[in-house]
Each structure stands twice: as structure tokens, then as C-alpha cells.
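Chemist: Sharing a structure here in C-alpha cells format.
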Amino acid sequence: MEEYTIIIFRTIFLYGLISVIYRLMGKREIGELSVLDVVVSIMLAELAVTALEQTESSLFKNVLPMLILLLLQVTFAYISLKSKKFRDVVDGKPTIIINNGKIDEYAMKKQNYNFDDLLLQLRDKDIALISDVELAVLESSGHLSVFTKKAAKNGVTWPLILDGVIQYEHLENINKTDEWLLKELGERGYHSIDEISFCSFENGRFYIDIKNEIEK
């Protein structure tokens, strides 16, 4: 009877602890989990199972690794928030698979992404023909974002600045240079890239957001 009581207590305790850990890790959809998120999830599950199976072992010995994982995850999340380079290393970068209706086989090979994967994800979006696609981006989560040629006529938003860093690959996609971007921003009264948190370009129009405009 005592063993069952311990199992019940540990189950309730671990359920609450893991719920708190995921809450502190931040909100993110299951399909948008990064590699680190998946690793942490697997390790938390294994530690929880071990804690429930080995009732004779100290609960603290099982909880301590969970708390260390939480500390690592929160630390990495903070660094990712401050550094896009670190974020790109940890989460990866989106990859353009189809651009202007043309397939980039080199990009597919680099991501170990084949035509079966592409066709499957296109079918999931009710797109039967690759020829209907204007732009397809393989996100870091593995999700494929697709713009059909019909939808692309309304414009595709290209992020040109993220966290004060110019996105040169996106400038190349719209056949522009950083000199052009700096000139356009200067004409609009923005003379420091560092102060811009987000800048996008769509249909000849800019959207610009300055860092910390909303004070808490």
C-alpha cells in the first residue's frame, strides 16, 4: 500500500512539475518545436518514467536533472532572443525550396529534402502541381510554407531586417542590395539599422518596427 501511495504522490508531483517547466519554457505550437525543444521533451519524459519506476530512489535525484534542463532551456531561449546568429545555429534557418516558380535542387539536397517530401507537403496543402507554386519555404521546424502563383500576385512579404540585422538572402530574392535598403530607410528617417527590430518589404511598401516602442 505504501508503494502505491508513493507512486500516486510522485505522479501528481511530476505532472505539476513538468507542467510548470513547459510553462516556463514558453508557448510554442507542437509543430513549431525546435530541435532543442524536442530533445528536452524526450529527456523530461525519460526522467519522469525513471522517477515513477524506481520508487526506492530519491525523488530529488530525478528532479534535479529536470531543473537543470529547465535552466539550460531558459538560458538558451534568452540568448536566442538576443542573438540571431545563435538562434540560427540552434533552430536553423528557413530554406527557400521554390523561388519564382523554380525548384532549387541544391537547397533540397542540403536539407536532405527530396521530391517525395515536397509533393507530400504540397498535397497536404491541396496543391497538386508544382507549377502552381511561386514560392515555397522550408521552415526550421520542417513545416513547408507555400505561396501559389495566384496568391503571390497579391505580394509576398520579405523580412529585410530582423533584430537589427540585414537579411541579405532576402535582398537577393527581390534583386536589391543593402545600399538600396539603407538609402530607402534613410529617406524615411531611419538612419540606424540597430534601432530597427523588424523591417519587411511587400508590393513596394515597407513595414518598419522600432525596438522597444511599447514601454512596459
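Letters A, B, ... go to the chains of the C-alpha cells in the order shown; residues in each chain start at 1; ligands are counted from 1 in the same order.
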Output as a ChimeraX atom specification all residues of segment 24-168 of chain A that backbone DSSP marks as strand (DSSP E).

Modeler: /A:95-99,102-103,133-138,144-148,158-162,165-166

Chemist: Tell me, as a tab-separated table (two decimals) with C-alpha atoms, in the first residue's frame, which residues lie within 9 Å of Ala77 of chain A, counting only C-alpha atoms; anything in the same chain fewer than 3 positions away does not count.

Modeler:
```tsv
chain	number	residue	atom	x	y	z
A	25	MET	CA	9.89	27.30	-21.33
A	26	GLY	CA	7.38	29.47	-23.19
A	72	LEU	CA	19.53	25.32	-19.83
A	73	GLN	CA	16.39	25.83	-21.89
A	74	VAL	CA	15.58	29.21	-20.36
A	80	SER	CA	18.36	33.24	-28.80
A	81	LEU	CA	16.23	36.28	-28.11
A	82	LYS	CA	19.31	38.49	-28.03
A	87	ARG	CA	19.16	31.37	-32.99
```

Chemist: For Ile96 of chain A, which residue among A:Asn173, A:Ser83, A:Ser141, A:Ser192 is the nearest when counting only C-alpha atoms?

Modeler: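 Smallest distance to Ile96 of chain A is found for A:Asn173.
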
Chemist: Can you tell me which residues surround Leu59 of chain A at a distance of at most 12 Å, considering only C-alpha atoms, apart from same-chain residues fewer than 6 positions away, and format the answer as a ChimeraX atom specification?

Modeler: /A:6-7,9-11,13-14,47-53,65-66

Chemist: Would you export the selected residues with all heavy atoms as a compact mmCIF listing (two decimals), in the first residue's frame, please?

Modeler:
```
# COMPACT_ATOMS: atom_id res chain seq x y z
N ILE A 6 3.26 6.13 -2.76
CA ILE A 6 4.43 6.84 -3.29
C ILE A 6 4.26 7.10 -4.78
O ILE A 6 4.57 8.19 -5.27
CB ILE A 6 5.71 6.03 -3.02
CG1 ILE A 6 6.00 5.96 -1.51
CG2 ILE A 6 6.90 6.67 -3.75
CD1 ILE A 6 7.18 5.07 -1.15
N ILE A 7 3.79 6.07 -5.52
CA ILE A 7 3.60 6.22 -6.97
C ILE A 7 2.57 7.32 -7.26
O ILE A 7 2.77 8.15 -8.16
CB ILE A 7 3.16 4.89 -7.60
CG1 ILE A 7 4.30 3.86 -7.52
CG2 ILE A 7 2.73 5.10 -9.05
CD1 ILE A 7 3.92 2.48 -8.00
N PHE A 9 1.73 9.85 -5.33
CA PHE A 9 2.30 11.15 -4.96
C PHE A 9 3.28 11.62 -6.04
O PHE A 9 3.25 12.77 -6.47
CB PHE A 9 3.01 11.05 -3.61
CG PHE A 9 3.87 12.25 -3.30
CD1 PHE A 9 3.30 13.44 -2.89
CD2 PHE A 9 5.26 12.18 -3.45
CE1 PHE A 9 4.09 14.55 -2.63
CE2 PHE A 9 6.04 13.28 -3.18
CZ PHE A 9 5.46 14.47 -2.77
N ARG A 10 4.16 10.70 -6.48
CA ARG A 10 5.16 11.08 -7.48
C ARG A 10 4.49 11.46 -8.82
O ARG A 10 4.94 12.38 -9.50
CB ARG A 10 6.15 9.94 -7.69
CG ARG A 10 7.09 9.73 -6.52
CD ARG A 10 8.26 8.84 -6.90
NE ARG A 10 9.24 8.76 -5.82
CZ ARG A 10 10.51 8.39 -5.99
NH1 ARG A 10 10.95 8.08 -7.20
NH2 ARG A 10 11.34 8.35 -4.97
N THR A 11 3.46 10.73 -9.17
CA THR A 11 2.76 11.03 -10.42
C THR A 11 2.17 12.43 -10.39
O THR A 11 2.34 13.22 -11.34
CB THR A 11 1.64 10.01 -10.67
OG1 THR A 11 2.19 8.69 -10.73
CG2 THR A 11 0.91 10.32 -11.98
N PHE A 13 3.02 14.91 -8.37
CA PHE A 13 4.10 15.89 -8.24
C PHE A 13 4.80 16.13 -9.58
O PHE A 13 5.03 17.28 -9.98
CB PHE A 13 5.12 15.40 -7.20
CG PHE A 13 6.32 16.30 -7.07
CD1 PHE A 13 6.25 17.48 -6.35
CD2 PHE A 13 7.53 15.97 -7.69
CE1 PHE A 13 7.35 18.32 -6.23
CE2 PHE A 13 8.63 16.79 -7.58
CZ PHE A 13 8.54 17.97 -6.85
N LEU A 14 5.14 15.04 -10.29
CA LEU A 14 5.85 15.16 -11.56
C LEU A 14 4.95 15.80 -12.63
O LEU A 14 5.42 16.57 -13.47
CB LEU A 14 6.33 13.80 -12.04
CG LEU A 14 7.46 13.17 -11.21
CD1 LEU A 14 7.71 11.74 -11.61
CD2 LEU A 14 8.75 13.99 -11.36
N LEU A 47 13.09 10.97 -17.76
CA LEU A 47 13.33 11.20 -16.32
C LEU A 47 12.07 10.95 -15.51
O LEU A 47 12.14 10.42 -14.38
CB LEU A 47 13.82 12.65 -16.12
CG LEU A 47 15.24 12.94 -16.61
CD1 LEU A 47 15.51 14.44 -16.60
CD2 LEU A 47 16.27 12.22 -15.74
N ALA A 48 10.92 11.33 -16.05
CA ALA A 48 9.66 11.12 -15.34
C ALA A 48 9.36 9.63 -15.21
O ALA A 48 8.93 9.16 -14.14
CB ALA A 48 8.53 11.83 -16.09
N VAL A 49 9.60 8.87 -16.28
CA VAL A 49 9.37 7.42 -16.23
C VAL A 49 10.29 6.77 -15.21
O VAL A 49 9.87 5.91 -14.43
CB VAL A 49 9.60 6.81 -17.63
CG1 VAL A 49 9.62 5.28 -17.54
CG2 VAL A 49 8.51 7.26 -18.59
N THR A 50 11.55 7.20 -15.21
CA THR A 50 12.52 6.65 -14.25
C THR A 50 12.08 6.93 -12.81
O THR A 50 12.17 6.06 -11.94
CB THR A 50 13.92 7.26 -14.48
OG1 THR A 50 14.35 6.96 -15.80
CG2 THR A 50 14.93 6.70 -13.49
N ALA A 51 11.60 8.15 -12.58
CA ALA A 51 11.17 8.53 -11.23
C ALA A 51 9.97 7.71 -10.77
O ALA A 51 9.83 7.40 -9.57
CB ALA A 51 10.83 10.01 -11.20
N LEU A 52 9.10 7.33 -11.70
CA LEU A 52 7.91 6.54 -11.34
C LEU A 52 8.24 5.06 -11.18
O LEU A 52 7.63 4.37 -10.34
CB LEU A 52 6.83 6.72 -12.41
CG LEU A 52 6.20 8.11 -12.51
CD1 LEU A 52 5.23 8.18 -13.67
CD2 LEU A 52 5.49 8.48 -11.21
N GLU A 53 9.20 4.57 -11.96
CA GLU A 53 9.56 3.15 -11.88
C GLU A 53 10.45 2.84 -10.70
O GLU A 53 10.30 1.81 -10.06
CB GLU A 53 10.25 2.72 -13.19
CG GLU A 53 9.32 2.66 -14.40
CD GLU A 53 10.04 2.22 -15.64
OE1 GLU A 53 11.30 2.27 -15.66
OE2 GLU A 53 9.37 1.82 -16.61
N PRO A 65 17.91 16.74 -12.45
CA PRO A 65 18.18 16.87 -13.88
C PRO A 65 17.09 17.66 -14.62
O PRO A 65 17.38 18.38 -15.59
CB PRO A 65 18.21 15.42 -14.37
CG PRO A 65 18.55 14.63 -13.16
CD PRO A 65 17.88 15.33 -12.03
N MET A 66 15.84 17.53 -14.17
CA MET A 66 14.75 18.29 -14.79
C MET A 66 14.95 19.79 -14.60
O MET A 66 14.75 20.58 -15.53
CB MET A 66 13.40 17.88 -14.20
CG MET A 66 12.98 16.45 -14.50
SD MET A 66 11.35 16.08 -13.83
CE MET A 66 11.15 14.37 -14.34
```

Chemist: Set the distance at 10 Å and use only C-alpha atoms: which residues neighbour Gly92 of chain A once local chain neighbours fewer than 3 positions away are removed? I'd like the list as a list in words.

Modeler: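 With the cut-off at 10 Å, the set is Ser34, Val35, Lys85, Phe86, Arg87, Asp88, Val89, Thr95, Glu139, Ser140 and Ser141 of chain A.
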
Chemist: Using N, CA, C and O atoms, can you export the residues from the last selection as a compact mmCIF listing (two decimals), in the first residue's frame?

Modeler:
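Saved as selection.txt:
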```txt
# COMPACT_ATOMS: atom_id res chain seq x y z
N SER A 34 11.57 23.36 -31.83
CA SER A 34 12.92 23.31 -32.35
C SER A 34 13.56 21.98 -31.95
O SER A 34 12.99 21.19 -31.19
N VAL A 35 14.78 21.74 -32.45
CA VAL A 35 15.49 20.52 -32.10
C VAL A 35 15.72 20.44 -30.60
O VAL A 35 15.54 19.39 -29.97
N LYS A 85 22.30 35.11 -34.61
CA LYS A 85 23.29 34.11 -35.03
C LYS A 85 23.15 32.84 -34.20
O LYS A 85 23.18 31.73 -34.73
N PHE A 86 23.00 33.01 -32.90
CA PHE A 86 22.82 31.86 -32.02
C PHE A 86 21.51 31.15 -32.37
O PHE A 86 21.43 29.92 -32.39
N ARG A 87 20.47 31.93 -32.64
CA ARG A 87 19.16 31.37 -32.99
C ARG A 87 19.23 30.56 -34.27
O ARG A 87 18.63 29.50 -34.39
N ASP A 88 20.01 31.05 -35.23
CA ASP A 88 20.16 30.32 -36.49
C ASP A 88 20.90 29.00 -36.28
O ASP A 88 20.59 27.99 -36.92
N VAL A 89 21.89 29.01 -35.37
CA VAL A 89 22.65 27.79 -35.09
C VAL A 89 21.78 26.76 -34.38
O VAL A 89 21.79 25.57 -34.73
N THR A 95 14.67 27.67 -45.45
CA THR A 95 15.31 27.43 -46.73
C THR A 95 14.29 27.56 -47.85
O THR A 95 13.22 26.94 -47.80
N GLU A 139 10.55 25.77 -43.45
CA GLU A 139 10.85 26.44 -42.19
C GLU A 139 11.77 25.57 -41.33
O GLU A 139 11.93 24.38 -41.59
N SER A 140 12.36 26.19 -40.33
CA SER A 140 13.29 25.46 -39.46
C SER A 140 12.60 24.33 -38.70
O SER A 140 13.24 23.38 -38.27
N SER A 141 11.27 24.41 -38.55
CA SER A 141 10.52 23.37 -37.87
C SER A 141 10.21 22.19 -38.77
O SER A 141 9.71 21.15 -38.32
```

Chemist: Write out as a list in words each polymer residue whose atoms come within 6 Å of Asp132 of chain A, counting only C-alpha atoms; drop sequence neighbours fewer than 3 positions from it.

Modeler: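 With the cut-off at 6 Å, the set is Leu129, Thr148 and Lys149 of chain A.
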
Chemist: Give the alpha helix (DSSP H) residues of segment 15-194 of chain A, as assigned by DSSP on the backbone, as a VMD selection string.

Modeler: chain A and resid 15 to 25 35 to 53 59 to 82 84 to 91 105 to 110 115 to 124 149 to 152 168 to 173 178 to 187

Chemist: Of the residues A:Ile196, A:Leu36, A:Leu185, A:Ile127, which is the one nearest to Val90 of chain A, using only C-alpha atoms?

Modeler: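 Selected residue with least distance to Val90 of chain A: A:Leu36.
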
Chemist: Rank nothing, just name the residue among A:Ser41, A:Thr55, A:Thr157, A:Asn100 nearest to Ser200 of chain A, using only C-alpha atoms.

Modeler: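 Selected residue with least distance to Ser200 of chain A: A:Thr157.
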
Chemist: Would you mind listing what lies within 10 Å of Leu122 of chain A as a list of chain:residue names, with only C-alpha atoms counted and same-chain residues fewer than 3 positions away left out?

Modeler: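 So the residues in contact are A:Asp116, A:Asp117, A:Leu118, A:Leu119, A:Lys125, A:Asp126, A:Ile127, A:Ala128, A:Leu129, A:Ile130, A:Val133, A:Ala136, A:Leu144, A:Ser145, A:Val146.
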
Chemist: Which residue out of A:Cys199, A:Leu182, A:Leu138, A:Ile18 has the minimum interatomic distance to Val63 of chain A when only C-alpha atoms are used?

Modeler: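 Of A:Cys199, A:Leu182, A:Leu138, A:Ile18, the one nearest Val63 of chain A, counting only C-alpha atoms, is A:Ile18.
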
Chemist: Using only C-alpha atoms, which protein or nucleic acid residues come within 9 Å of Phe201 of chain A? Drop anything in the same chain fewer than 5 positions from it, and give the result as a PyMOL selection string.

Modeler: chain A and resi 156-160+206-208

Chemist: What is the atom CA of Phe198 of chain A-atom CA of Leu181 of chain A distance in Å, reported with one decimal?

Modeler: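 It comes out at 13.2 Å.
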